Amino acid sequence: MHSTKTNILRQLTAVSLLLISTNLLAQNSGVTRTPVIQADSSIPGKEDYIFRIDVAGGGKVDWHTHPGDEISYVMHGELELLLANQAPRKIKPGEGFVIPAGVVHSAKNHGKDPVKLVGVYVVEKGQPVASPASPPAP
């Protein structure tokens, strides 16, 4: 009985954190994040998430961080990826990128067509998938 209640509480906590993270980042201009799956990771203390991410033409992803690695793959469109203290990078369809835990980053779609990505996150268990961050100092 105790383990059933514990499992339900863990699942509710994970769903709550997923919704909070999605809502925080949904405030970005023209960005839609659709959760695909969430699961316990084989890495102790981590959770795995997959999102479908759509960035509308002219849309941007505000500055933010993750409490774990982001591994993303661009399926359609071209994205400008901005990482703190690095030159902007153009990511084209068929290309991917990895952002280490805690790195402040943002992205922009300068085109008219939407950018479609798959984002995989391996993050600290019990933490929001993403948190807003201040833009890095120039």
# chains A, B, ... in the order shown; residues from 1 in each chain; ligands from 1
>>> residues_around(residues="region 131-137 of chain A", least_positions_apart="6", cutoff="6 Å", atoms="only C-alpha atoms", output="ChimeraX atom specification")
/A:63-65,84
>>> write_last_selection(atoms="all heavy atoms", output="mmCIF file, in the first residue's frame")
data_model
loop_
_atom_site.group_PDB
_atom_site.id
_atom_site.type_symbol
_atom_site.label_atom_id
_atom_site.label_comp_id
_atom_site.auth_asym_id
_atom_site.auth_seq_id
_atom_site.Cartn_x
_atom_site.Cartn_y
_atom_site.Cartn_z
ATOM 1 N N TRP A 63 15.738 33.122 -23.165
ATOM 2 C CA TRP A 63 16.884 32.584 -22.445
ATOM 3 C C TRP A 63 16.411 31.697 -21.305
ATOM 4 O O TRP A 63 15.497 32.053 -20.565
ATOM 5 C CB TRP A 63 17.756 33.718 -21.911
ATOM 6 C CG TRP A 63 18.427 34.488 -23.013
ATOM 7 C CD1 TRP A 63 17.999 35.671 -23.543
ATOM 8 C CD2 TRP A 63 19.600 34.122 -23.730
ATOM 9 N NE1 TRP A 63 18.858 36.062 -24.550
ATOM 10 C CE2 TRP A 63 19.846 35.135 -24.689
ATOM 11 C CE3 TRP A 63 20.466 33.039 -23.651
ATOM 12 C CZ2 TRP A 63 20.934 35.086 -25.560
ATOM 13 C CZ3 TRP A 63 21.541 33.003 -24.523
ATOM 14 C CH2 TRP A 63 21.773 34.007 -25.459
ATOM 15 N N HIS A 64 17.047 30.526 -21.176
ATOM 16 C CA HIS A 64 16.676 29.573 -20.139
ATOM 17 C C HIS A 64 17.806 28.569 -19.913
ATOM 18 O O HIS A 64 18.801 28.585 -20.635
ATOM 19 C CB HIS A 64 15.374 28.847 -20.506
ATOM 20 C CG HIS A 64 15.500 27.993 -21.740
ATOM 21 N ND1 HIS A 64 15.519 28.504 -23.018
ATOM 22 C CD2 HIS A 64 15.623 26.652 -21.881
ATOM 23 C CE1 HIS A 64 15.639 27.521 -23.893
ATOM 24 N NE2 HIS A 64 15.714 26.379 -23.229
ATOM 25 N N THR A 65 17.629 27.716 -18.900
ATOM 26 C CA THR A 65 18.582 26.644 -18.603
ATOM 27 C C THR A 65 17.809 25.363 -18.331
ATOM 28 O O THR A 65 16.587 25.391 -18.147
ATOM 29 C CB THR A 65 19.450 26.951 -17.361
ATOM 30 O OG1 THR A 65 18.586 27.044 -16.230
ATOM 31 C CG2 THR A 65 20.244 28.223 -17.524
ATOM 32 N N ALA A 84 25.363 30.991 -24.168
ATOM 33 C CA ALA A 84 26.126 32.007 -23.445
ATOM 34 C C ALA A 84 27.608 31.931 -23.816
ATOM 35 O O ALA A 84 28.195 30.849 -23.843
ATOM 36 C CB ALA A 84 25.944 31.820 -21.944
#
>>> residues_around(residues="Gly30 (chain A)", least_positions_apart="6", cutoff="8 Å", atoms="only C-alpha atoms", output="JSON, numbers by chain")
{"A": [54, 55, 56, 57, 58, 59, 60]}
>>> closest_residue(among="A:Lys92, A:Tyr49, A:Ala101, A:Val74", to="Val120 (chain A)", atoms="only C-alpha atoms")
A:Tyr49
>>> residues_around(residues="Gln86 (chain A)", least_positions_apart="5", cutoff="12 Å", atoms="only C-alpha atoms", output="ChimeraX atom specification")
/A:81,99,103-106,136-138
>>> write_last_selection(atoms="all heavy atoms", output="PDB file, in the first residue's frame")
ATOM      1  N   LEU A  81      20.883  29.084 -32.945  1.00  0.00           N
ATOM      2  CA  LEU A  81      21.085  28.672 -31.560  1.00  0.00           C
ATOM      3  C   LEU A  81      22.064  29.627 -30.899  1.00  0.00           C
ATOM      4  O   LEU A  81      23.150  29.884 -31.427  1.00  0.00           O
ATOM      5  CB  LEU A  81      21.620  27.235 -31.515  1.00  0.00           C
ATOM      6  CG  LEU A  81      21.883  26.640 -30.146  1.00  0.00           C
ATOM      7  CD1 LEU A  81      20.582  26.525 -29.340  1.00  0.00           C
ATOM      8  CD2 LEU A  81      22.543  25.275 -30.291  1.00  0.00           C
ATOM      9  N   ILE A  99      23.289  20.568 -25.486  1.00  0.00           N
ATOM     10  CA  ILE A  99      23.544  21.679 -24.568  1.00  0.00           C
ATOM     11  C   ILE A  99      23.738  21.075 -23.176  1.00  0.00           C
ATOM     12  O   ILE A  99      22.821  20.443 -22.643  1.00  0.00           O
ATOM     13  CB  ILE A  99      22.378  22.683 -24.570  1.00  0.00           C
ATOM     14  CG1 ILE A  99      22.179  23.225 -25.983  1.00  0.00           C
ATOM     15  CG2 ILE A  99      22.651  23.809 -23.569  1.00  0.00           C
ATOM     16  CD1 ILE A  99      20.954  24.091 -26.151  1.00  0.00           C
ATOM     17  N   VAL A 103      23.774  25.460 -18.898  1.00  0.00           N
ATOM     18  CA  VAL A 103      24.221  26.467 -19.866  1.00  0.00           C
ATOM     19  C   VAL A 103      23.023  27.331 -20.281  1.00  0.00           C
ATOM     20  O   VAL A 103      22.000  26.819 -20.736  1.00  0.00           O
ATOM     21  CB  VAL A 103      24.881  25.813 -21.101  1.00  0.00           C
ATOM     22  CG1 VAL A 103      25.180  26.848 -22.177  1.00  0.00           C
ATOM     23  CG2 VAL A 103      26.142  25.070 -20.694  1.00  0.00           C
ATOM     24  N   VAL A 104      23.176  28.641 -20.123  1.00  0.00           N
ATOM     25  CA  VAL A 104      22.125  29.584 -20.517  1.00  0.00           C
ATOM     26  C   VAL A 104      22.084  29.636 -22.038  1.00  0.00           C
ATOM     27  O   VAL A 104      23.118  29.812 -22.691  1.00  0.00           O
ATOM     28  CB  VAL A 104      22.403  30.988 -19.916  1.00  0.00           C
ATOM     29  CG1 VAL A 104      21.374  31.995 -20.396  1.00  0.00           C
ATOM     30  CG2 VAL A 104      22.426  30.912 -18.389  1.00  0.00           C
ATOM     31  N   HIS A 105      20.882  29.479 -22.607  1.00  0.00           N
ATOM     32  CA  HIS A 105      20.758  29.472 -24.059  1.00  0.00           C
ATOM     33  C   HIS A 105      19.397  29.980 -24.522  1.00  0.00           C
ATOM     34  O   HIS A 105      18.459  30.110 -23.737  1.00  0.00           O
ATOM     35  CB  HIS A 105      21.030  28.073 -24.624  1.00  0.00           C
ATOM     36  CG  HIS A 105      20.100  27.021 -24.123  1.00  0.00           C
ATOM     37  ND1 HIS A 105      20.188  26.495 -22.851  1.00  0.00           N
ATOM     38  CD2 HIS A 105      19.055  26.394 -24.719  1.00  0.00           C
ATOM     39  CE1 HIS A 105      19.240  25.590 -22.689  1.00  0.00           C
ATOM     40  NE2 HIS A 105      18.529  25.509 -23.813  1.00  0.00           N
ATOM     41  N   SER A 106      19.331  30.265 -25.820  1.00  0.00           N
ATOM     42  CA  SER A 106      18.135  30.789 -26.465  1.00  0.00           C
ATOM     43  C   SER A 106      18.164  30.317 -27.918  1.00  0.00           C
ATOM     44  O   SER A 106      19.153  29.733 -28.365  1.00  0.00           O
ATOM     45  CB  SER A 106      18.155  32.325 -26.391  1.00  0.00           C
ATOM     46  OG  SER A 106      17.067  32.884 -27.088  1.00  0.00           O
ATOM     47  N   PRO A 136      22.837  36.411 -21.017  1.00  0.00           N
ATOM     48  CA  PRO A 136      24.227  36.549 -20.551  1.00  0.00           C
ATOM     49  C   PRO A 136      24.773  37.946 -20.852  1.00  0.00           C
ATOM     50  O   PRO A 136      24.332  38.598 -21.802  1.00  0.00           O
ATOM     51  CB  PRO A 136      24.981  35.477 -21.322  1.00  0.00           C
ATOM     52  CG  PRO A 136      24.123  35.203 -22.515  1.00  0.00           C
ATOM     53  CD  PRO A 136      22.707  35.489 -22.127  1.00  0.00           C
ATOM     54  N   ALA A 137      25.721  38.390 -20.031  1.00  0.00           N
ATOM     55  CA  ALA A 137      26.361  39.682 -20.272  1.00  0.00           C
ATOM     56  C   ALA A 137      27.170  39.594 -21.555  1.00  0.00           C
ATOM     57  O   ALA A 137      27.791  38.558 -21.830  1.00  0.00           O
ATOM     58  CB  ALA A 137      27.255  40.027 -19.094  1.00  0.00           C
ATOM     59  N   PRO A 138      27.156  40.655 -22.351  1.00  0.00           N
ATOM     60  CA  PRO A 138      27.926  40.635 -23.613  1.00  0.00           C
ATOM     61  C   PRO A 138      29.414  40.558 -23.399  1.00  0.00           C
ATOM     62  O   PRO A 138      29.965  40.848 -22.426  1.00  0.00           O
ATOM     63  CB  PRO A 138      27.545  41.936 -24.297  1.00  0.00           C
ATOM     64  CG  PRO A 138      26.721  42.730 -23.356  1.00  0.00           C
ATOM     65  CD  PRO A 138      26.454  41.895 -22.157  1.00  0.00           C
TER      66      PRO A 138
END
>>> residues_around(residues="Val122 (chain A)", least_positions_apart="2", cutoff="12 Å", atoms="only C-alpha atoms", output="MDAnalysis selection string")
chainID A and resid 38:51 66:72 98:101 119:120 124:130
>>> write_last_selection(atoms="C-alpha atoms", output="tab-separated table (two decimals), in the first residue's frame")
chain	number	residue	atom	x	y	z
A	38	GLN	CA	8.49	11.10	-19.50
A	39	ALA	CA	10.23	8.17	-17.83
A	40	ASP	CA	12.63	7.36	-15.03
A	41	SER	CA	16.17	7.28	-16.39
A	42	SER	CA	18.62	4.41	-16.04
A	43	ILE	CA	20.95	7.08	-14.62
A	44	PRO	CA	20.35	7.29	-10.86
A	45	GLY	CA	18.63	10.53	-9.80
A	46	LYS	CA	17.64	11.49	-13.38
A	47	GLU	CA	14.45	11.60	-15.45
A	48	ASP	CA	14.15	11.45	-19.25
A	49	TYR	CA	11.77	13.59	-21.31
A	50	ILE	CA	11.02	13.87	-25.01
A	51	PHE	CA	9.26	16.94	-26.43
A	66	HIS	CA	17.98	22.95	-17.92
A	67	PRO	CA	19.01	20.92	-14.84
A	68	GLY	CA	20.48	18.31	-17.18
A	69	ASP	CA	21.55	17.83	-20.78
A	70	GLU	CA	19.43	18.78	-23.79
A	71	ILE	CA	19.89	16.73	-26.96
A	72	SER	CA	17.87	18.09	-29.90
A	98	VAL	CA	23.76	19.10	-27.35
A	99	ILE	CA	23.54	21.68	-24.57
A	100	PRO	CA	25.18	20.72	-21.26
A	101	ALA	CA	23.30	21.15	-17.98
A	119	GLY	CA	14.10	17.71	-27.81
A	120	VAL	CA	15.40	15.04	-25.43
A	124	GLU	CA	17.67	15.96	-12.28
A	125	LYS	CA	14.70	14.09	-10.85
A	126	GLY	CA	12.16	16.39	-9.21
A	127	GLN	CA	13.42	19.53	-10.99
A	128	PRO	CA	11.56	21.50	-13.68
A	129	VAL	CA	12.71	20.55	-17.18
A	130	ALA	CA	13.57	24.22	-17.83
>>> closest_residue(among="A:Val118, A:Ile37, A:Ala107, A:Val31", to="Glu80 (chain A)", atoms="only C-alpha atoms")
A:Ala107
